[in-house]
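What follows is a single structure, written as structure tokens, with notes after it.
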Amino acid sequence: MTVVIGFEGSANKIGIGIIRDGEVLSNPRRTYITPPGQGFMPSDTARHHRAVVLTVLKEALEQAGLKPADIDCVSYTKGPGMGAPLVTVALVARTVAQLWGKPLLGVNHCIGHIEMGRLITKANNPTVLYVSGGNTQISNDPSPGYNIEQMAKKGSQYVELPYTVKGMDVSFSGILSYIEDVSHKMLSSGQCTPEDLCFSLQETLFSMLVEITERAMAHCGSQEVLIVGGVGCNMRLQEMMGVMCKEREAKLFATDERFCIDNGAMIAQAGWEMFRSGQVTELEDSWITQRYRTDEVEVTWRAD
Amino acid sequence: MAQEKSMAAPDLLRRAKLLKQGAEARVYRAEFLGKPTIVKERFPKRYRHPVLDEKLTHRRTVQEVRSILRCRRAGISAPVVYFVDYTSHCIFLEEIICSITVRDHIASIQQCDTSKDSELEQLAERVGQILAKMHDEDVVHGDLTTSNILLRRITESGEYDLVLIDFGLSYISALPEDKGVDLYVLEKAFLSTHPNTEALFEKLLKSYTASSKKSSAVIKKLDEVRLRGRKRSMVG
């Protein structure tokens, strides 16, 4: 039996979860909410996390009915994410690991999403589309994503925009510069409304995401899809992905808000896999990094 | 007359055998003008907005045919295009018989025999050569993976030629950037599909560099694109 506690705080959610051999014993979380349309800034977020982290930690242990001695490993989000919040949470993880005398494990946030995806779907090889607003390193002030989503709901006219899929990658730069160039002209000439532009932008971008997901499925022979990350809650994206899956007779797993939005249990789950395969993070290596590519992680817990 | 023509493809497909449903299209095996034929049907994607879907589908059909013809004119092996139906977005192509994908070939070699390294190296060199030729024709494949290159057996003793297929995302471009990205897409697909083949891919690139007349700018761009990537780790 292996019990792992996971600390997650790379964006505006601070979550601490405890997993025992694939069973989620507790997964409390707090979200730093800013007024709608406003993004969250690193220092304010870190301050928020600092204020609640110990309360959440207490909840995690109490809800699981465990004491520190019952924990086998302390895992935390090493990156990617925002610097200040990451540091705040890592500090707590390092401290309790030393206090409790337990090994430490730095986990890649995206791997956390993927491993939680595998656990929820019980699939061996689900195709996981990770779409996150918080993990996009663009200016969050004001938060573009949320505003565009809301306006898109009111748009109806489709306007042709650049569509760029290169193999299994998408490129957003072309569509961005195109919109910057032509939006003024289109809006002032009355050709379309801002809502129509947002609608078209969403249709185009989501189509691109669904397309690369489908390609990945075809290439890997996977018939299971899971969307994770905050943007995965968008109904239109889920709808489009659902239609694609139905046409291929593939299964789309519902976005489970408890686990698909950033949470501590997903870090614990990835930590559980890593720990059992023999990985450990020494104290001097337990720094955080804002940029941590998923493909840099050495996957020692899977043979395929 | 136009009505009859547009009924031709769906009619034939009803009698054809569905081979697979890829991400882009359905692929059928049929007989056309007495020849074994592969029919590639880009069916409507219902998750897309209908206007977007029609434009995208038409554009990709046209680009695919154009790229294949350009390759063939330059002597690069690609399927013969027998017929194109632009209403139903169907392309009728020569079926390449007696062939397997490079992907399956590498996988089978890696699985059973580690002493066949030289065979793999020779394969990598030839792939580099054919891609160099394609890029020198300014054809960018757009979806290079080891599933899209076929090994076609010519003789009993194992001689083969390489055939490029699936030009669905291809386009014409002289830009080193586009060719660099083309190679980058292959590199990522190659390394993620076939573990521990970094050295083999290097051989492929070496062969490409030696065979292509315009390779230095392309390789330079490839190096740049490799560094680019989102969320690059900043460990100094």
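Starting from 1 in every chain, residues are counted up; chains themselves are A, B, ... following the order of the structure tokens, and ligands are numbered from 1 as listed.
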
Could the residues of chain A within 7 Å of chain B, counting only C-alpha atoms, be given as a count of residues only, please?
13

Neighbours of Leu162 in chain B within 8 Å (only C-alpha atoms; same-chain residues fewer than 5 positions away dropped), as a list in words?
Ser77, Arg126, Val127, Ile130, Ile149, Leu150, Leu151 and Arg152 of chain B

I need the residues from that last selection saved to file as a PDB file, in the first residue's frame (with N, CA, C and O atoms), if you can.
ATOM      1  N   SER B  77       8.347   8.674 -56.251  1.00  0.00           N
ATOM      2  CA  SER B  77       7.271   7.693 -56.205  1.00  0.00           C
ATOM      3  C   SER B  77       6.122   8.144 -55.328  1.00  0.00           C
ATOM      4  O   SER B  77       6.284   8.409 -54.136  1.00  0.00           O
ATOM      5  N   ARG B 126      17.772   6.284 -47.208  1.00  0.00           N
ATOM      6  CA  ARG B 126      16.903   6.400 -48.390  1.00  0.00           C
ATOM      7  C   ARG B 126      15.720   7.316 -48.128  1.00  0.00           C
ATOM      8  O   ARG B 126      15.274   8.042 -49.018  1.00  0.00           O
ATOM      9  N   VAL B 127      15.217   7.308 -46.881  1.00  0.00           N
ATOM     10  CA  VAL B 127      14.131   8.228 -46.553  1.00  0.00           C
ATOM     11  C   VAL B 127      14.627   9.660 -46.666  1.00  0.00           C
ATOM     12  O   VAL B 127      13.961  10.528 -47.237  1.00  0.00           O
ATOM     13  N   ILE B 130      14.709  10.642 -50.382  1.00  0.00           N
ATOM     14  CA  ILE B 130      13.441  10.909 -51.065  1.00  0.00           C
ATOM     15  C   ILE B 130      12.816  12.218 -50.565  1.00  0.00           C
ATOM     16  O   ILE B 130      12.218  12.974 -51.325  1.00  0.00           O
ATOM     17  N   ILE B 149       4.979   6.775 -45.250  1.00  0.00           N
ATOM     18  CA  ILE B 149       5.994   6.381 -46.222  1.00  0.00           C
ATOM     19  C   ILE B 149       5.888   4.866 -46.358  1.00  0.00           C
ATOM     20  O   ILE B 149       5.918   4.140 -45.358  1.00  0.00           O
ATOM     21  N   LEU B 150       5.713   4.398 -47.594  1.00  0.00           N
ATOM     22  CA  LEU B 150       5.565   2.956 -47.807  1.00  0.00           C
ATOM     23  C   LEU B 150       6.839   2.342 -48.360  1.00  0.00           C
ATOM     24  O   LEU B 150       7.585   2.973 -49.107  1.00  0.00           O
ATOM     25  N   LEU B 151       7.045   1.075 -47.983  1.00  0.00           N
ATOM     26  CA  LEU B 151       8.153   0.288 -48.513  1.00  0.00           C
ATOM     27  C   LEU B 151       7.512  -0.658 -49.516  1.00  0.00           C
ATOM     28  O   LEU B 151       6.723  -1.515 -49.145  1.00  0.00           O
ATOM     29  N   ARG B 152       7.815  -0.485 -50.783  1.00  0.00           N
ATOM     30  CA  ARG B 152       7.194  -1.342 -51.792  1.00  0.00           C
ATOM     31  C   ARG B 152       8.220  -2.347 -52.293  1.00  0.00           C
ATOM     32  O   ARG B 152       9.279  -1.967 -52.827  1.00  0.00           O
TER      33      ARG B 152
END

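With only C-alpha atoms taken into account, the protein and nucleic acid residues at most 7 Å from Asn12 in chain A (excluding it and anything under 3 positions from it in its own chain) are Gly9, Thr31, Tyr32 and Thr45 of chain A.
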
Output of the above residues as an mmCIF file, in the first residue's frame, restricted to N, CA, C and O atoms:
data_model
loop_
_atom_site.group_PDB
_atom_site.id
_atom_site.type_symbol
_atom_site.label_atom_id
_atom_site.label_comp_id
_atom_site.auth_asym_id
_atom_site.auth_seq_id
_atom_site.Cartn_x
_atom_site.Cartn_y
_atom_site.Cartn_z
ATOM 1 N N GLY A 9 -0.433 24.124 -6.878
ATOM 2 C CA GLY A 9 -0.758 25.547 -6.754
ATOM 3 C C GLY A 9 -0.120 26.362 -7.855
ATOM 4 O O GLY A 9 0.310 27.483 -7.629
ATOM 5 N N THR A 31 -10.083 28.130 -4.754
ATOM 6 C CA THR A 31 -9.777 28.863 -5.982
ATOM 7 C C THR A 31 -9.697 30.347 -5.699
ATOM 8 O O THR A 31 -10.583 30.911 -5.054
ATOM 9 N N TYR A 32 -8.653 30.965 -6.210
ATOM 10 C CA TYR A 32 -8.524 32.410 -6.068
ATOM 11 C C TYR A 32 -9.341 33.034 -7.192
ATOM 12 O O TYR A 32 -8.957 32.994 -8.365
ATOM 13 N N THR A 45 -2.003 35.946 -6.281
ATOM 14 C CA THR A 45 -2.326 34.522 -6.217
ATOM 15 C C THR A 45 -1.505 33.837 -5.134
ATOM 16 O O THR A 45 -2.018 33.046 -4.343
#

Run DSSP on the backbone and grab whatever in range 51-107 of chain A lands in strand (DSSP E or B); send it over as a ChimeraX atom specification.
/A:73-79,104-107

Give me, as a VMD selection string, all polymer residues having an atom no more than 7 Å from Glu8 in chain A, counting only C-alpha atoms and skipping those fewer than 3 positions away in the same chain.
chain A and resid 14 to 16 76 to 77 263 to 264 267

For the selection you just gave me, I'd like the residues written to a file as a short mmCIF file (atom, residue, chain, number, x, y, z; two decimals), in the first residue's frame, keeping all heavy atoms.
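And here's result.cif as it stands now:
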data_model
loop_
_atom_site.label_atom_id
_atom_site.label_comp_id
_atom_site.auth_asym_id
_atom_site.auth_seq_id
_atom_site.Cartn_x
_atom_site.Cartn_y
_atom_site.Cartn_z
N ILE A 14 -5.48 26.23 -5.44
CA ILE A 14 -4.57 25.56 -4.51
C ILE A 14 -5.29 24.32 -4.02
O ILE A 14 -6.37 24.41 -3.43
CB ILE A 14 -4.11 26.47 -3.34
CG1 ILE A 14 -3.49 25.62 -2.23
CG2 ILE A 14 -5.23 27.31 -2.77
CD1 ILE A 14 -2.02 25.64 -2.17
N GLY A 15 -4.71 23.16 -4.32
CA GLY A 15 -5.36 21.91 -3.94
C GLY A 15 -4.37 20.96 -3.34
O GLY A 15 -3.21 20.92 -3.73
N ILE A 16 -4.83 20.19 -2.37
CA ILE A 16 -3.98 19.17 -1.76
C ILE A 16 -4.78 17.88 -1.72
O ILE A 16 -5.90 17.86 -1.20
CB ILE A 16 -3.56 19.57 -0.33
CG1 ILE A 16 -2.81 20.91 -0.38
CG2 ILE A 16 -2.67 18.49 0.29
CD1 ILE A 16 -2.42 21.48 0.97
N TYR A 76 4.75 17.43 -5.12
CA TYR A 76 4.31 18.81 -5.30
C TYR A 76 4.52 19.18 -6.76
O TYR A 76 5.29 18.52 -7.48
CB TYR A 76 5.11 19.76 -4.40
CG TYR A 76 6.55 19.93 -4.83
CD1 TYR A 76 6.94 21.04 -5.59
CD2 TYR A 76 7.51 18.97 -4.53
CE1 TYR A 76 8.25 21.18 -6.02
CE2 TYR A 76 8.81 19.09 -4.97
CZ TYR A 76 9.18 20.21 -5.71
OH TYR A 76 10.48 20.33 -6.15
N THR A 77 3.88 20.25 -7.21
CA THR A 77 4.03 20.68 -8.59
C THR A 77 5.33 21.43 -8.78
O THR A 77 5.55 22.47 -8.18
CB THR A 77 2.88 21.61 -9.02
OG1 THR A 77 1.65 20.97 -8.75
CG2 THR A 77 2.97 21.93 -10.50
N ASN A 263 -5.96 20.17 -9.39
CA ASN A 263 -6.27 19.69 -8.05
C ASN A 263 -5.06 18.95 -7.50
O ASN A 263 -4.15 18.61 -8.24
CB ASN A 263 -7.48 18.75 -8.11
CG ASN A 263 -7.19 17.52 -8.96
OD1 ASN A 263 -6.77 16.48 -8.45
ND2 ASN A 263 -7.40 17.62 -10.26
N GLY A 264 -5.05 18.71 -6.20
CA GLY A 264 -3.90 18.08 -5.56
C GLY A 264 -3.80 16.60 -5.85
O GLY A 264 -2.70 16.05 -5.97
N ILE A 267 -1.67 15.49 -8.76
CA ILE A 267 -0.23 15.53 -8.48
C ILE A 267 0.15 14.30 -7.65
O ILE A 267 1.18 13.67 -7.87
CB ILE A 267 0.15 16.83 -7.74
CG1 ILE A 267 -0.25 18.04 -8.59
CG2 ILE A 267 1.62 16.86 -7.39
CD1 ILE A 267 0.44 18.12 -9.94
#

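The closest residue to His58 in chain B, picked from B:Val84, B:Leu227, B:Leu222, B:Leu19 and counting only C-alpha atoms, is B:Val84.
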
Residues within 6 Å of Cys73 in chain A, please, as a compact mmCIF listing (two decimals) with all heavy atoms, in the first residue's frame. Count only C-alpha atoms; anything in the same chain fewer than 3 positions from it doesn't count.
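Result went into result-v7.txt, see below:
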# COMPACT_ATOMS: atom_id res chain seq x y z
N VAL A 4 0.22 8.65 -1.11
CA VAL A 4 0.96 9.84 -1.54
C VAL A 4 0.09 11.08 -1.36
O VAL A 4 -1.10 11.06 -1.67
CB VAL A 4 1.39 9.71 -3.02
CG1 VAL A 4 2.13 10.96 -3.47
CG2 VAL A 4 2.25 8.48 -3.22
N LYS A 102 9.68 12.38 5.23
CA LYS A 102 9.22 11.61 4.07
C LYS A 102 9.94 12.06 2.81
O LYS A 102 10.33 13.22 2.69
CB LYS A 102 7.70 11.82 3.86
CG LYS A 102 6.87 11.50 5.08
CD LYS A 102 6.84 10.02 5.38
CE LYS A 102 6.10 9.76 6.69
NZ LYS A 102 6.09 8.36 7.05
N PRO A 103 10.09 11.14 1.82
CA PRO A 103 10.72 11.55 0.56
C PRO A 103 9.85 12.54 -0.21
O PRO A 103 8.62 12.53 -0.10
CB PRO A 103 10.85 10.23 -0.22
CG PRO A 103 9.92 9.29 0.44
CD PRO A 103 9.74 9.72 1.85

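Across the model, the gap from CA of Glu211 in chain A to CA of Lys251 in chain A is 15.6 Å.
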
If you run DSSP over the backbone, which residues in range 12-183 of chain B end up helix (DSSP H, G or I)? Put them as a VMD selection string.
chain B and resid 12 to 15 50 to 73 102 to 112 114 to 136 176 to 183

Residues within 9 Å of range 107-109 of chain A, only C-alpha atoms, excluding chain neighbours under 5 positions, as JSON, numbers by chain
{"A": [6, 8, 10, 75, 76, 77, 78, 79, 80, 81, 114, 262, 266, 267, 268, 270, 271, 274, 292, 293, 294, 297]}

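If you look at CA of Glu62 in chain A and CA of Val280 in chain A, they are 25.9 Å away from each other.
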
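Between CA of Ala78 in chain B and CA of Ser211 in chain B the separation is 18.9 Å.
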
Just the residues within 9 Å of Phe190 in chain B, please, counting only C-alpha atoms, with nothing from its chain fewer than 6 positions along; format it as a PyMOL selection string.
chain B and resi 103+144-146+197-198+201

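With distances restricted to only C-alpha atoms, A:Tyr130 is the closest residue to Glu115 in chain A from A:Phe206, A:Tyr130, A:Trp100, A:Tyr158.
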